[in-house]
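Visitor: Okay, so here is target_39.csv, and as you'll see once you scroll down, it has CSV, C-alpha atoms.
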```
chain,number,residue,atom,x,y,z
A,1,MET,CA,-2.4,8.9,-20.4
A,2,SER,CA,-5.0,11.4,-19.2
A,3,GLY,CA,-8.4,9.9,-18.8
A,4,GLY,CA,-7.2,6.3,-18.8
A,5,ALA,CA,-5.0,3.9,-16.8
A,6,SER,CA,-1.6,5.0,-15.7
A,7,LEU,CA,1.6,3.3,-14.5
A,8,TRP,CA,3.4,6.0,-12.6
A,9,PRO,CA,2.4,8.5,-9.9
A,10,THR,CA,0.9,11.8,-11.0
A,11,PRO,CA,3.0,14.9,-10.1
A,12,ALA,CA,0.9,15.5,-7.0
A,13,GLN,CA,1.2,11.8,-5.9
A,14,GLU,CA,4.9,12.0,-6.5
A,15,MET,CA,5.1,14.9,-4.1
A,16,LEU,CA,3.0,13.1,-1.6
A,17,LEU,CA,5.3,10.1,-1.7
A,18,ARG,CA,8.3,12.3,-1.1
A,19,ALA,CA,6.5,13.7,2.0
A,20,ALA,CA,5.3,10.4,3.3
A,21,VAL,CA,8.3,8.0,2.6
A,22,GLY,CA,11.0,10.1,1.0
A,23,PRO,CA,14.0,11.5,2.9
A,24,GLU,CA,12.9,13.0,6.3
A,25,ALA,CA,14.9,16.2,5.8
A,26,LYS,CA,12.8,17.2,2.9
A,27,ALA,CA,9.4,15.8,4.0
A,28,ALA,CA,8.0,19.0,5.4
A,29,GLU,CA,8.9,20.9,2.3
A,30,ALA,CA,7.3,18.2,0.1
A,31,PHE,CA,4.2,18.3,2.2
A,32,ILE,CA,3.8,22.1,1.7
A,33,ALA,CA,4.3,21.7,-2.1
A,34,TRP,CA,1.8,18.8,-2.2
A,35,LYS,CA,-0.9,20.9,-0.4
A,36,ARG,CA,-0.5,23.6,-3.2
A,37,MET,CA,-1.2,20.9,-5.8
A,38,ILE,CA,-4.4,19.4,-4.5
A,39,ASP,CA,-7.8,20.3,-3.2
A,40,LEU,CA,-8.9,18.1,-0.3
A,41,ASP,CA,-12.3,19.5,-0.3
A,42,VAL,CA,-13.1,17.5,-3.5
A,43,GLU,CA,-13.0,13.7,-3.8
A,44,ILE,CA,-9.4,12.4,-4.1
A,45,ASP,CA,-8.4,9.2,-5.8
A,46,LEU,CA,-8.0,6.0,-3.8
A,47,GLY,CA,-4.2,5.8,-4.4
A,48,THR,CA,-3.7,9.2,-2.7
A,49,TYR,CA,-6.2,8.4,0.1
A,50,GLY,CA,-4.3,5.2,0.9
A,51,LEU,CA,-1.1,7.1,1.6
A,52,LEU,CA,-2.6,9.7,4.0
A,53,PRO,CA,-2.1,7.6,7.1
A,54,LEU,CA,1.6,7.3,6.3
A,55,LEU,CA,1.7,11.1,5.7
A,56,TYR,CA,0.1,11.7,9.1
A,57,ASP,CA,2.6,9.4,10.9
A,58,ARG,CA,5.6,11.0,9.2
A,59,LEU,CA,4.5,14.6,10.0
A,60,SER,CA,3.6,13.7,13.6
A,61,ARG,CA,7.0,12.2,14.2
A,62,LEU,CA,8.6,15.3,12.7
A,63,GLY,CA,6.5,17.6,14.9
A,64,VAL,CA,4.9,19.4,12.0
A,65,SER,CA,2.1,21.7,13.0
A,66,ASP,CA,-0.5,22.4,10.3
A,67,PRO,CA,-4.3,22.9,10.1
A,68,LEU,CA,-4.6,19.8,8.0
A,69,MET,CA,-3.2,17.5,10.8
A,70,GLY,CA,-6.5,17.1,12.4
A,71,ARG,CA,-8.1,15.7,9.3
A,72,LEU,CA,-5.1,13.5,8.6
A,73,LYS,CA,-5.3,12.1,12.1
A,74,GLY,CA,-9.0,11.2,11.5
A,75,ILE,CA,-8.0,9.3,8.3
A,76,TYR,CA,-5.3,7.5,10.2
A,77,ARG,CA,-7.7,6.4,13.0
A,78,ARG,CA,-10.2,5.3,10.4
A,79,SER,CA,-7.6,3.2,8.7
A,80,TRP,CA,-6.6,1.7,12.0
A,81,TYR,CA,-10.2,0.8,12.8
A,82,GLU,CA,-11.0,-0.6,9.3
A,83,THR,CA,-7.9,-2.8,9.2
A,84,HIS,CA,-8.7,-4.3,12.6
A,85,ALA,CA,-12.3,-4.8,11.5
A,86,LEU,CA,-11.2,-6.6,8.3
A,87,MET,CA,-8.9,-8.9,10.3
A,88,HIS,CA,-11.7,-9.6,12.8
A,89,ALA,CA,-14.0,-10.5,9.9
A,90,THR,CA,-11.5,-12.7,8.1
A,91,ALA,CA,-9.5,-14.4,10.8
A,92,PRO,CA,-12.2,-17.0,11.3
A,93,VAL,CA,-11.9,-18.0,7.7
A,94,VAL,CA,-8.1,-18.6,8.1
A,95,ALA,CA,-8.8,-20.5,11.3
A,96,ALA,CA,-11.5,-22.7,9.6
A,97,LEU,CA,-9.3,-23.5,6.7
A,98,GLU,CA,-6.3,-24.4,8.9
A,99,ALA,CA,-8.6,-26.6,11.1
A,100,ARG,CA,-9.6,-28.6,8.0
A,101,GLY,CA,-6.0,-29.2,7.1
A,102,ILE,CA,-5.9,-26.5,4.3
A,103,ALA,CA,-2.7,-24.6,4.7
A,104,THR,CA,-3.0,-20.8,4.3
A,105,LEU,CA,-0.6,-18.1,3.3
A,106,LEU,CA,-1.5,-14.4,3.5
A,107,LEU,CA,-0.5,-12.0,0.7
A,108,LYS,CA,-0.2,-8.2,0.3
A,109,GLY,CA,-1.9,-5.9,2.9
A,110,VAL,CA,-2.4,-7.9,6.1
A,111,PRO,CA,1.2,-9.5,6.3
A,112,LEU,CA,2.7,-6.1,5.4
A,113,ALA,CA,0.7,-4.4,8.1
A,114,LEU,CA,1.6,-7.1,10.7
A,115,SER,CA,5.2,-7.7,9.8
A,116,TRP,CA,6.8,-4.7,8.0
A,117,TYR,CA,4.9,-1.6,8.9
A,118,PRO,CA,5.5,-0.2,12.4
A,119,ALA,CA,1.8,0.2,13.1
A,120,ILE,CA,-1.3,-1.5,11.6
A,121,GLY,CA,-3.1,1.7,10.8
A,122,LEU,CA,-0.4,2.7,8.4
A,123,ARG,CA,-1.3,0.1,5.7
A,124,ARG,CA,-4.9,0.7,4.5
A,125,MET,CA,-6.5,-2.3,2.6
A,126,ALA,CA,-9.8,-3.2,1.2
A,127,ASP,CA,-9.7,-7.0,1.4
A,128,LEU,CA,-7.8,-10.0,2.6
A,129,ASP,CA,-5.6,-11.8,0.1
A,130,LEU,CA,-5.4,-15.5,1.1
A,131,ALA,CA,-3.5,-18.2,-0.7
A,132,VAL,CA,-4.0,-22.0,-0.5
A,133,ARG,CA,-2.2,-24.7,-2.3
A,134,PRO,CA,-3.5,-25.4,-5.8
A,135,GLU,CA,-4.7,-28.9,-5.0
A,136,GLN,CA,-6.7,-27.6,-2.0
A,137,ALA,CA,-8.5,-24.8,-3.9
A,138,ARG,CA,-11.8,-26.6,-4.4
A,139,ASP,CA,-11.9,-27.6,-0.7
A,140,ALA,CA,-11.1,-24.0,0.3
A,141,ILE,CA,-14.0,-22.7,-1.9
A,142,ALA,CA,-16.3,-25.1,-0.2
A,143,VAL,CA,-15.2,-23.9,3.2
A,144,LEU,CA,-15.8,-20.3,2.2
A,145,ASN,CA,-19.2,-21.1,0.9
A,146,GLY,CA,-20.1,-22.8,4.1
A,147,LEU,CA,-19.1,-19.7,6.1
A,148,GLY,CA,-21.4,-17.5,4.0
A,149,TRP,CA,-18.9,-16.0,1.6
A,150,ILE,CA,-20.2,-15.7,-1.9
A,151,ARG,CA,-17.9,-15.7,-4.9
A,152,ASP,CA,-18.0,-12.9,-7.5
A,153,ALA,CA,-20.8,-13.4,-10.0
A,154,ARG,CA,-18.3,-13.3,-12.9
A,155,ALA,CA,-16.2,-16.2,-11.5
A,156,SER,CA,-16.7,-19.8,-12.7
A,157,ASP,CA,-15.1,-23.1,-11.9
A,158,GLU,CA,-12.9,-22.7,-15.0
A,159,ALA,CA,-11.1,-20.0,-13.2
A,160,LEU,CA,-9.2,-22.7,-11.4
A,161,GLN,CA,-7.7,-23.6,-14.7
A,162,PHE,CA,-7.2,-20.2,-16.3
A,163,ARG,CA,-6.7,-17.7,-13.5
A,164,HIS,CA,-4.9,-17.4,-10.2
A,165,SER,CA,-7.5,-16.1,-7.8
A,166,MET,CA,-11.2,-15.6,-7.1
A,167,LEU,CA,-13.0,-12.8,-5.3
A,168,PHE,CA,-15.4,-13.6,-2.5
A,169,ARG,CA,-17.8,-11.2,-0.7
A,170,ARG,CA,-19.7,-11.4,2.5
A,171,PRO,CA,-23.2,-10.0,2.7
A,172,ASP,CA,-22.0,-7.2,5.1
A,173,GLY,CA,-19.5,-6.0,2.4
A,174,TYR,CA,-16.2,-7.6,3.4
A,175,GLU,CA,-14.1,-9.0,0.6
A,176,LEU,CA,-11.6,-11.9,0.4
A,177,ASP,CA,-9.4,-12.7,-2.6
A,178,LEU,CA,-8.7,-16.5,-2.6
A,179,HIS,CA,-5.5,-17.4,-4.5
A,180,TRP,CA,-4.5,-20.9,-5.6
A,181,HIS,CA,-1.4,-19.5,-7.4
A,182,ILE,CA,0.7,-16.9,-5.5
A,183,MET,CA,1.3,-14.9,-8.7
A,184,PHE,CA,-0.6,-14.8,-12.0
A,185,GLU,CA,2.8,-14.3,-13.7
A,186,ALA,CA,4.1,-17.6,-12.3
A,187,CYS,CA,1.3,-20.1,-12.3
A,188,THR,CA,3.6,-23.1,-12.3
A,189,PRO,CA,4.0,-25.9,-9.8
A,190,ALA,CA,7.7,-25.0,-9.3
A,191,ALA,CA,7.0,-21.4,-8.6
A,192,ASP,CA,4.2,-22.2,-6.1
A,193,ALA,CA,6.3,-24.8,-4.4
A,194,GLY,CA,9.1,-22.4,-4.0
A,195,PHE,CA,6.9,-19.7,-2.4
A,196,TRP,CA,5.4,-22.2,0.0
A,197,GLY,CA,8.7,-23.8,0.9
A,198,ARG,CA,10.2,-20.4,1.8
A,199,ALA,CA,7.1,-19.1,3.6
A,200,GLN,CA,7.5,-17.9,7.2
A,201,PRO,CA,5.1,-18.1,10.2
A,202,LEU,CA,2.6,-15.3,10.8
A,203,ASP,CA,0.2,-14.8,13.6
A,204,MET,CA,-3.1,-13.1,12.7
A,205,ARG,CA,-5.2,-12.3,15.7
A,206,GLY,CA,-4.1,-15.5,17.4
A,207,VAL,CA,-4.5,-17.6,14.3
A,208,ALA,CA,-1.4,-19.4,13.0
A,209,THR,CA,-0.8,-18.9,9.3
A,210,ARG,CA,2.0,-17.9,6.9
A,211,ARG,CA,3.5,-15.1,4.9
A,212,LEU,CA,6.0,-14.8,2.1
A,213,ALA,CA,9.7,-14.6,2.8
A,214,PRO,CA,11.1,-11.1,2.5
A,215,ALA,CA,12.6,-11.5,-1.0
A,216,ASP,CA,9.4,-13.1,-2.2
A,217,MET,CA,7.3,-10.3,-0.7
A,218,LEU,CA,9.4,-7.7,-2.3
A,219,LEU,CA,9.2,-9.4,-5.7
A,220,HIS,CA,5.5,-9.9,-5.4
A,221,THR,CA,4.9,-6.3,-4.4
A,222,VAL,CA,6.9,-4.9,-7.3
A,223,ILE,CA,5.5,-7.1,-10.0
A,224,HIS,CA,1.9,-6.6,-8.8
A,225,GLY,CA,2.4,-2.9,-8.5
A,226,LEU,CA,3.9,-2.4,-12.0
A,227,ARG,CA,0.7,-2.8,-13.8
A,228,ALA,CA,-1.2,0.2,-15.3
A,229,ASN,CA,-4.3,1.1,-13.4
A,230,ARG,CA,-7.1,3.6,-13.5
A,231,TRP,CA,-5.8,5.0,-10.3
A,232,PRO,CA,-1.9,5.0,-10.5
A,233,PRO,CA,-0.9,2.0,-8.3
A,234,ILE,CA,1.4,4.0,-6.0
A,235,ARG,CA,0.9,1.9,-2.9
A,236,TRP,CA,3.5,-0.6,-4.0
A,237,ILE,CA,6.2,2.0,-3.5
A,238,PRO,CA,5.8,2.4,0.3
A,239,ASP,CA,5.1,-1.3,0.6
A,240,ALA,CA,8.4,-2.2,-1.1
A,241,LEU,CA,10.3,0.4,0.9
A,242,ALA,CA,8.9,-1.0,4.1
A,243,VAL,CA,10.2,-4.5,3.2
A,244,LEU,CA,13.6,-3.1,2.1
A,245,HIS,CA,14.2,-0.9,5.1
A,246,ARG,CA,13.7,-3.9,7.4
A,247,ASP,CA,15.2,-6.8,5.4
A,248,ALA,CA,17.6,-5.5,2.8
A,249,ALA,CA,20.7,-6.6,4.7
A,250,THR,CA,19.5,-10.2,4.8
A,251,MET,CA,17.5,-10.3,1.5
A,252,ASP,CA,18.0,-13.3,-0.7
A,253,TRP,CA,18.9,-11.2,-3.8
A,254,ASP,CA,20.4,-14.1,-5.7
A,255,GLY,CA,17.2,-16.1,-5.2
A,256,MET,CA,15.0,-13.2,-6.3
A,257,VAL,CA,17.0,-12.6,-9.5
A,258,GLY,CA,17.0,-16.4,-10.3
A,259,PHE,CA,13.3,-16.5,-9.9
A,260,ALA,CA,12.8,-13.5,-12.1
A,261,ARG,CA,15.0,-15.1,-14.8
A,262,SER,CA,13.3,-18.5,-14.7
A,263,ASN,CA,9.8,-16.9,-14.8
A,264,ARG,CA,10.7,-14.2,-17.4
A,265,LEU,CA,10.1,-11.2,-15.1
A,266,THR,CA,13.5,-9.5,-15.2
A,267,CYS,CA,12.3,-6.5,-17.1
A,268,ARG,CA,9.5,-5.5,-14.7
A,269,LEU,CA,11.4,-6.4,-11.6
A,270,GLY,CA,14.4,-4.4,-12.8
A,271,LEU,CA,12.2,-1.4,-13.7
A,272,GLY,CA,10.7,-1.4,-10.2
A,273,LEU,CA,13.9,-1.9,-8.2
A,274,ARG,CA,15.7,0.9,-10.3
A,275,THR,CA,12.8,3.2,-9.5
A,276,LEU,CA,13.0,2.4,-5.8
A,277,ALA,CA,16.8,2.9,-5.7
A,278,HIS,CA,17.2,5.9,-7.9
A,279,THR,CA,14.1,7.9,-6.9
A,280,TYR,CA,13.6,6.9,-3.3
A,281,GLY,CA,17.2,5.9,-2.2
A,282,ALA,CA,16.2,2.3,-1.4
A,283,PRO,CA,19.1,0.0,-0.5
A,284,VAL,CA,19.1,-2.1,-3.6
A,285,PRO,CA,22.6,-3.5,-4.3
A,286,PRO,CA,23.9,-2.2,-7.7
A,287,PRO,CA,25.0,-5.8,-8.8
A,288,VAL,CA,21.3,-6.8,-8.5
A,289,LEU,CA,20.3,-4.1,-10.9
A,290,SER,CA,23.1,-5.0,-13.2
A,291,ALA,CA,22.2,-8.7,-13.2
A,292,LEU,CA,18.6,-7.9,-14.1
A,293,ARG,CA,19.6,-5.6,-16.9
A,294,ALA,CA,22.0,-8.1,-18.3
A,295,ALA,CA,19.3,-10.8,-18.3
A,296,GLY,CA,17.6,-9.0,-21.2
A,297,THR,CA,13.9,-9.1,-22.1
A,298,SER,CA,12.3,-12.3,-23.3
A,299,VAL,CA,9.6,-12.5,-26.0
A,300,LEU,CA,7.0,-13.4,-23.4
A,301,GLU,CA,7.9,-10.3,-21.3
A,302,ARG,CA,7.7,-8.1,-24.4
A,303,ILE,CA,4.2,-9.4,-25.2
A,304,GLU,CA,3.1,-9.0,-21.6
A,305,ASN,CA,4.7,-5.6,-21.1
A,306,SER,CA,2.9,-4.3,-24.2
A,307,VAL,CA,-0.3,-4.7,-22.2
A,308,VAL,CA,0.5,-4.3,-18.5
A,309,LEU,CA,2.8,-1.3,-18.9
A,310,ARG,CA,0.2,0.5,-21.1
A,311,ASP,CA,-3.3,2.0,-20.7
A,312,THR,CA,-5.2,-1.3,-20.6
A,313,GLU,CA,-8.5,0.4,-20.6
A,314,ARG,CA,-7.9,1.9,-24.0
A,315,LEU,CA,-6.7,-1.4,-25.3
A,316,TYR,CA,-10.0,-2.9,-24.3
A,317,ASP,CA,-11.8,-0.1,-26.2
A,318,ASN,CA,-10.5,-1.4,-29.5
A,319,ALA,CA,-11.7,-4.8,-30.8
A,320,VAL,CA,-8.3,-5.8,-32.1
A,321,THR,CA,-6.2,-4.7,-29.2
A,322,LYS,CA,-8.7,-6.2,-26.8
A,323,GLN,CA,-7.9,-9.6,-28.2
A,324,TRP,CA,-4.2,-8.8,-27.8
A,325,VAL,CA,-4.8,-8.3,-24.1
A,326,ILE,CA,-6.4,-11.7,-23.9
A,327,PHE,CA,-3.5,-13.3,-25.9
A,328,ALA,CA,-1.0,-11.7,-23.6
A,329,ASP,CA,-2.8,-13.2,-20.6
A,330,TYR,CA,-2.9,-16.6,-22.3
A,331,CYS,CA,0.8,-16.6,-22.9
A,332,ARG,CA,1.3,-16.7,-19.1
A,333,VAL,CA,-1.3,-19.5,-18.7
A,334,ALA,CA,0.1,-21.6,-21.5
A,335,ARG,CA,3.8,-21.2,-21.1
A,336,ARG,CA,6.1,-24.0,-22.3
A,337,ARG,CA,3.5,-25.7,-24.4
A,338,ASP,CA,4.3,-27.2,-27.9
A,339,PRO,CA,2.9,-25.2,-30.8
A,340,VAL,CA,-0.1,-27.5,-31.4
A,341,SER,CA,-1.1,-27.6,-27.8
A,342,PHE,CA,-0.6,-23.8,-27.6
A,343,VAL,CA,-3.1,-23.1,-30.4
A,344,ILE,CA,-5.7,-25.6,-29.2
A,345,GLY,CA,-5.4,-24.3,-25.7
A,346,PHE,CA,-5.9,-20.7,-27.0
A,347,THR,CA,-9.3,-21.7,-28.4
A,348,HIS,CA,-10.3,-23.0,-25.0
A,349,TYR,CA,-9.1,-19.8,-23.4
A,350,LEU,CA,-11.0,-17.6,-25.9
A,351,ARG,CA,-14.1,-19.6,-25.1
A,352,TYR,CA,-13.5,-19.0,-21.4
A,353,ARG,CA,-12.7,-15.3,-21.8
A,354,TRP,CA,-15.6,-14.7,-24.2
A,355,ASN,CA,-18.0,-16.6,-21.9
A,356,LEU,CA,-19.1,-19.0,-24.6
A,357,GLU,CA,-20.7,-22.4,-24.2
A,358,GLY,CA,-18.4,-24.1,-26.6
A,359,ARG,CA,-15.5,-23.5,-29.0
A,360,ARG,CA,-17.9,-23.9,-32.0
A,361,GLU,CA,-19.3,-20.4,-31.1
A,362,ILE,CA,-15.9,-18.7,-31.6
A,363,VAL,CA,-16.1,-18.3,-35.4
A,364,PRO,CA,-19.7,-17.1,-35.5
A,365,VAL,CA,-19.0,-14.6,-32.7
A,366,MET,CA,-16.0,-13.3,-34.7
A,367,LEU,CA,-18.1,-13.0,-37.9
A,368,ARG,CA,-20.8,-11.2,-36.1
A,369,GLY,CA,-18.3,-8.8,-34.7
A,370,MET,CA,-16.8,-8.1,-38.1
A,371,ALA,CA,-20.2,-7.5,-39.5
A,372,ARG,CA,-21.1,-5.0,-36.8
A,373,ARG,CA,-17.9,-3.1,-37.5
A,374,LEU,CA,-18.5,-3.1,-41.3
A,375,VAL,CA,-22.0,-1.7,-40.8
A,376,SER,CA,-20.7,1.0,-38.4
A,377,ILE,CA,-18.1,2.3,-41.0
A,378,PRO,CA,-19.3,5.7,-42.3
A,379,ARG,CA,-20.3,5.7,-45.9
```
Produce structure tokens that represent the structure in this file.
Guide:
Amino acid sequence: MSGGASLWPTPAQEMLLRAAVGPEAKAAEAFIAWKRMIDLDVEIDLGTYGLLPLLYDRLSRLGVSDPLMGRLKGIYRRSWYETHALMHATAPVVAALEARGIATLLLKGVPLALSWYPAIGLRRMADLDLAVRPEQARDAIAVLNGLGWIRDARASDEALQFRHSMLFRRPDGYELDLHWHIMFEACTPAADAGFWGRAQPLDMRGVATRRLAPADMLLHTVIHGLRANRWPPIRWIPDALAVLHRDAATMDWDGMVGFARSNRLTCRLGLGLRTLAHTYGAPVPPPVLSALRAAGTSVLERIENSVVLRDTERLYDNAVTKQWVIFADYCRVARRRDPVSFVIGFTHYLRYRWNLEGRREIVPVMLRGMARRLVSIPR
């Protein structure tokens, strides 16, 4: 998928992963091979850059001596500083929410850095992912506004109905992603209640909050990571390995598989866990992989995977496939509706995604689009 979005690491990124998180015995050899494949004097992609602190840590512990180590050390120290700065900027938000009785749960980077990676500087991140309970989302937005955080210009109040999160920025550039559903793929009361019920305590710079239980963190990491991206989303691999290396022995595998079945996520979860086990030697029990494979792939998963496992950017370039992307997203939002409610709900969702004032605009917009395409056809 050259020039578009990709799902898997490039050959150079695969070699970097082997050097940074693969078997230690072959790490130095993989590092040398990776250096032959890249040019660090030109701009590198964000996926690769985010793994360089891990590479530096691995090579340092192995006693590798190389002219590149000085530059890698600088990248590691910058990651350490930026992560501390991000937590310093966002911890007051967590404290303010908790003080107002709004429970918080941290997702992705910060809890991974604090609970699963051996050092904070090893997990680079660009923002804080913060979850609140769905019924407290509006209050949380008000608190953020009061603290000077400004929501993304594309976000609207309807996002609370149709999406799972909203991006906020501070004038000095810091970002915070506010979630009212833990996962877009599981925007249901039962799923959210389960995540919150299994959540574990977390201390963030002296502020008491929460993080996902290990099995939930692993599932969230894999499902979020297996989505095609302009920069191959390779960070999910070391994240998942960090969780597995610490908690595989006590992991609630049955609960994870059960959640994947009830939320129709067995295909992507199985794909991710098989990759971790077969390519990186992760301690995933074979019966877990067998159970996920035996679960089959639901119609909803097939619809969703036709989008998230492909080059979404190219799908958006075509008027027809762009609407298929929107339909696939809607299937997650509208799950378990009767046929009539499903169709009516889809018209509301189209109005939201097309940024229209009312549903009466849908047909005229479609006709204008068809007219433009007819005019553009070569004669």
Visitor: With the cut-off set at 7 Å and counting only C-alpha atoms, tabulate each residue of region 37-79 of chain A with an atom at most that distance from an atom of region 227-251 of chain A, showing the nearest atom pair and its distance in Å to one decimal, ordered by chain and increasing number, as JSON lines.
Guide:
```
{"residue": "A:Asp45", "atom": "CA", "partner": "A:Trp231", "partner_atom": "CA", "distance": 6.7}
{"residue": "A:Leu46", "atom": "CA", "partner": "A:Trp231", "partner_atom": "CA", "distance": 6.9}
{"residue": "A:Gly47", "atom": "CA", "partner": "A:Ile234", "partner_atom": "CA", "distance": 6.1}
```
Visitor: Quick one: distance from CA of Val308 (chain A) to CA of Met15 (chain A) in Å, one decimal?
Guide: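 Going from CA of Val308 (chain A) over to CA of Met15 (chain A), I get 24.4 Å.
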Visitor: Taking only C-alpha atoms into account, name the residue in A:Ala95, A:Leu128, A:Leu122, A:Val222 that is nearest to Lys73 (chain A).
Guide: A:Leu122
Visitor: Tell me, as a PyMOL selection string, which residues lie within 9 Å of Leu62 (chain A), counting all atoms listed in the file; anything in the same chain fewer than 6 positions away does not count.
Guide: chain A and resi 24+27-28
Visitor: May I ask which of the residues A:Ala213, A:Ala191, A:Pro364, A:Asp152 is the closest one to Trp116 (chain A), counting only C-alpha atoms?
Guide: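 For Trp116 (chain A), the nearest of the candidates is A:Ala213.
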Visitor: Out of A:Ala153, A:Met217, A:Pro111, A:Thr90, which residue has the shortest atom-to-atom distance to Glu175 (chain A) when counting only C-alpha atoms?
Guide: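 Checking each of A:Ala153, A:Met217, A:Pro111, A:Thr90 against Glu175 (chain A), counting only C-alpha atoms, the winner is A:Thr90.
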Visitor: What is the CA of Ala155 (chain A) to CA of Arg359 (chain A) distance in Å?
Guide: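 CA of Ala155 (chain A) sits 19.0 Å away from CA of Arg359 (chain A).
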Visitor: I need the residue nearest Leu55 (chain A) from this list: A:Asp338, A:Ala96, A:Arg123, A:Pro11. Use only C-alpha atoms for the distance.
Guide: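 Smallest distance to Leu55 (chain A) is found for A:Arg123.
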Visitor: Would you compute the distance between CA of Arg198 (chain A) and CA of Asp127 (chain A)? Give it in Å to one decimal.
Guide: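 About the pair CA of Arg198 (chain A) and CA of Asp127 (chain A): they are 24.0 Å apart.
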Visitor: Residues at most 10 Å from Leu176 (chain A), counting all atoms listed in the file, excluding those fewer than 3 positions away in the same chain, as a list in words?
Guide: Leu86, Ala89, Thr90, Val93, Ala126, Asp127, Leu128, Asp129, Leu130, Leu144, Trp149, Ile150, Arg151, Met166, Leu167, Phe168, Arg169, Arg170 and His179 of chain A
Visitor: Would you please work out which residue, of A:Ser115, A:Ser156, A:Ser306, A:Gln13, is nearest to Tyr352 (chain A) when using only C-alpha atoms?
Guide: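 Closest to Tyr352 (chain A) of all the choices is A:Ser156.
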Visitor: Given all atoms listed in the file as the basis, pick out the residue of A:Lys108, A:His348, A:Arg274, A:Arg205 nearest to Leu218 (chain A).
Guide: A:Lys108
Visitor: Would you pick out the contacts of Gly121 (chain A) at 8 Å or less, using all atoms listed in the file, so that residues sharing its chain but fewer than 2 positions from it are not included, and give the list as a tab-separated table (two decimals) with C-alpha atoms, in the coordinates of the input?
Guide:
```tsv
chain	number	residue	atom	x	y	z
A	53	PRO	CA	-2.10	7.60	7.10
A	76	TYR	CA	-5.30	7.50	10.20
A	77	ARG	CA	-7.70	6.40	13.00
A	78	ARG	CA	-10.20	5.30	10.40
A	79	SER	CA	-7.60	3.20	8.70
A	80	TRP	CA	-6.60	1.70	12.00
A	81	TYR	CA	-10.20	0.80	12.80
A	83	THR	CA	-7.90	-2.80	9.20
A	113	ALA	CA	0.70	-4.40	8.10
A	119	ALA	CA	1.80	0.20	13.10
A	123	ARG	CA	-1.30	0.10	5.70
A	124	ARG	CA	-4.90	0.70	4.50
```
Visitor: Env of Pro201 (chain A): 8 Å cut, atoms = all atoms listed in the file, seq-sep filter 6 positions within chain, self excluded. Answer as a list in words.
Guide: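 So, after excluding close chain neighbours, the residues are Ala208, Thr209, Arg210 and Arg211 of chain A.
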Visitor: Using all atoms listed in the file, which protein or nucleic acid residues come within 9 Å of Ser298 (chain A)? Drop anything in the same chain fewer than 5 positions from it, and give the result as a PDB file with C-alpha atoms, in the coordinates of the input.
Guide:
```
ATOM      1  CA  ARG A 264      10.700 -14.200 -17.400  1.00  0.00           C
ATOM      2  CA  LEU A 265      10.100 -11.200 -15.100  1.00  0.00           C
ATOM      3  CA  THR A 266      13.500  -9.500 -15.200  1.00  0.00           C
ATOM      4  CA  CYS A 267      12.300  -6.500 -17.100  1.00  0.00           C
ATOM      5  CA  ILE A 303       4.200  -9.400 -25.200  1.00  0.00           C
TER       6      ILE A 303
END
```
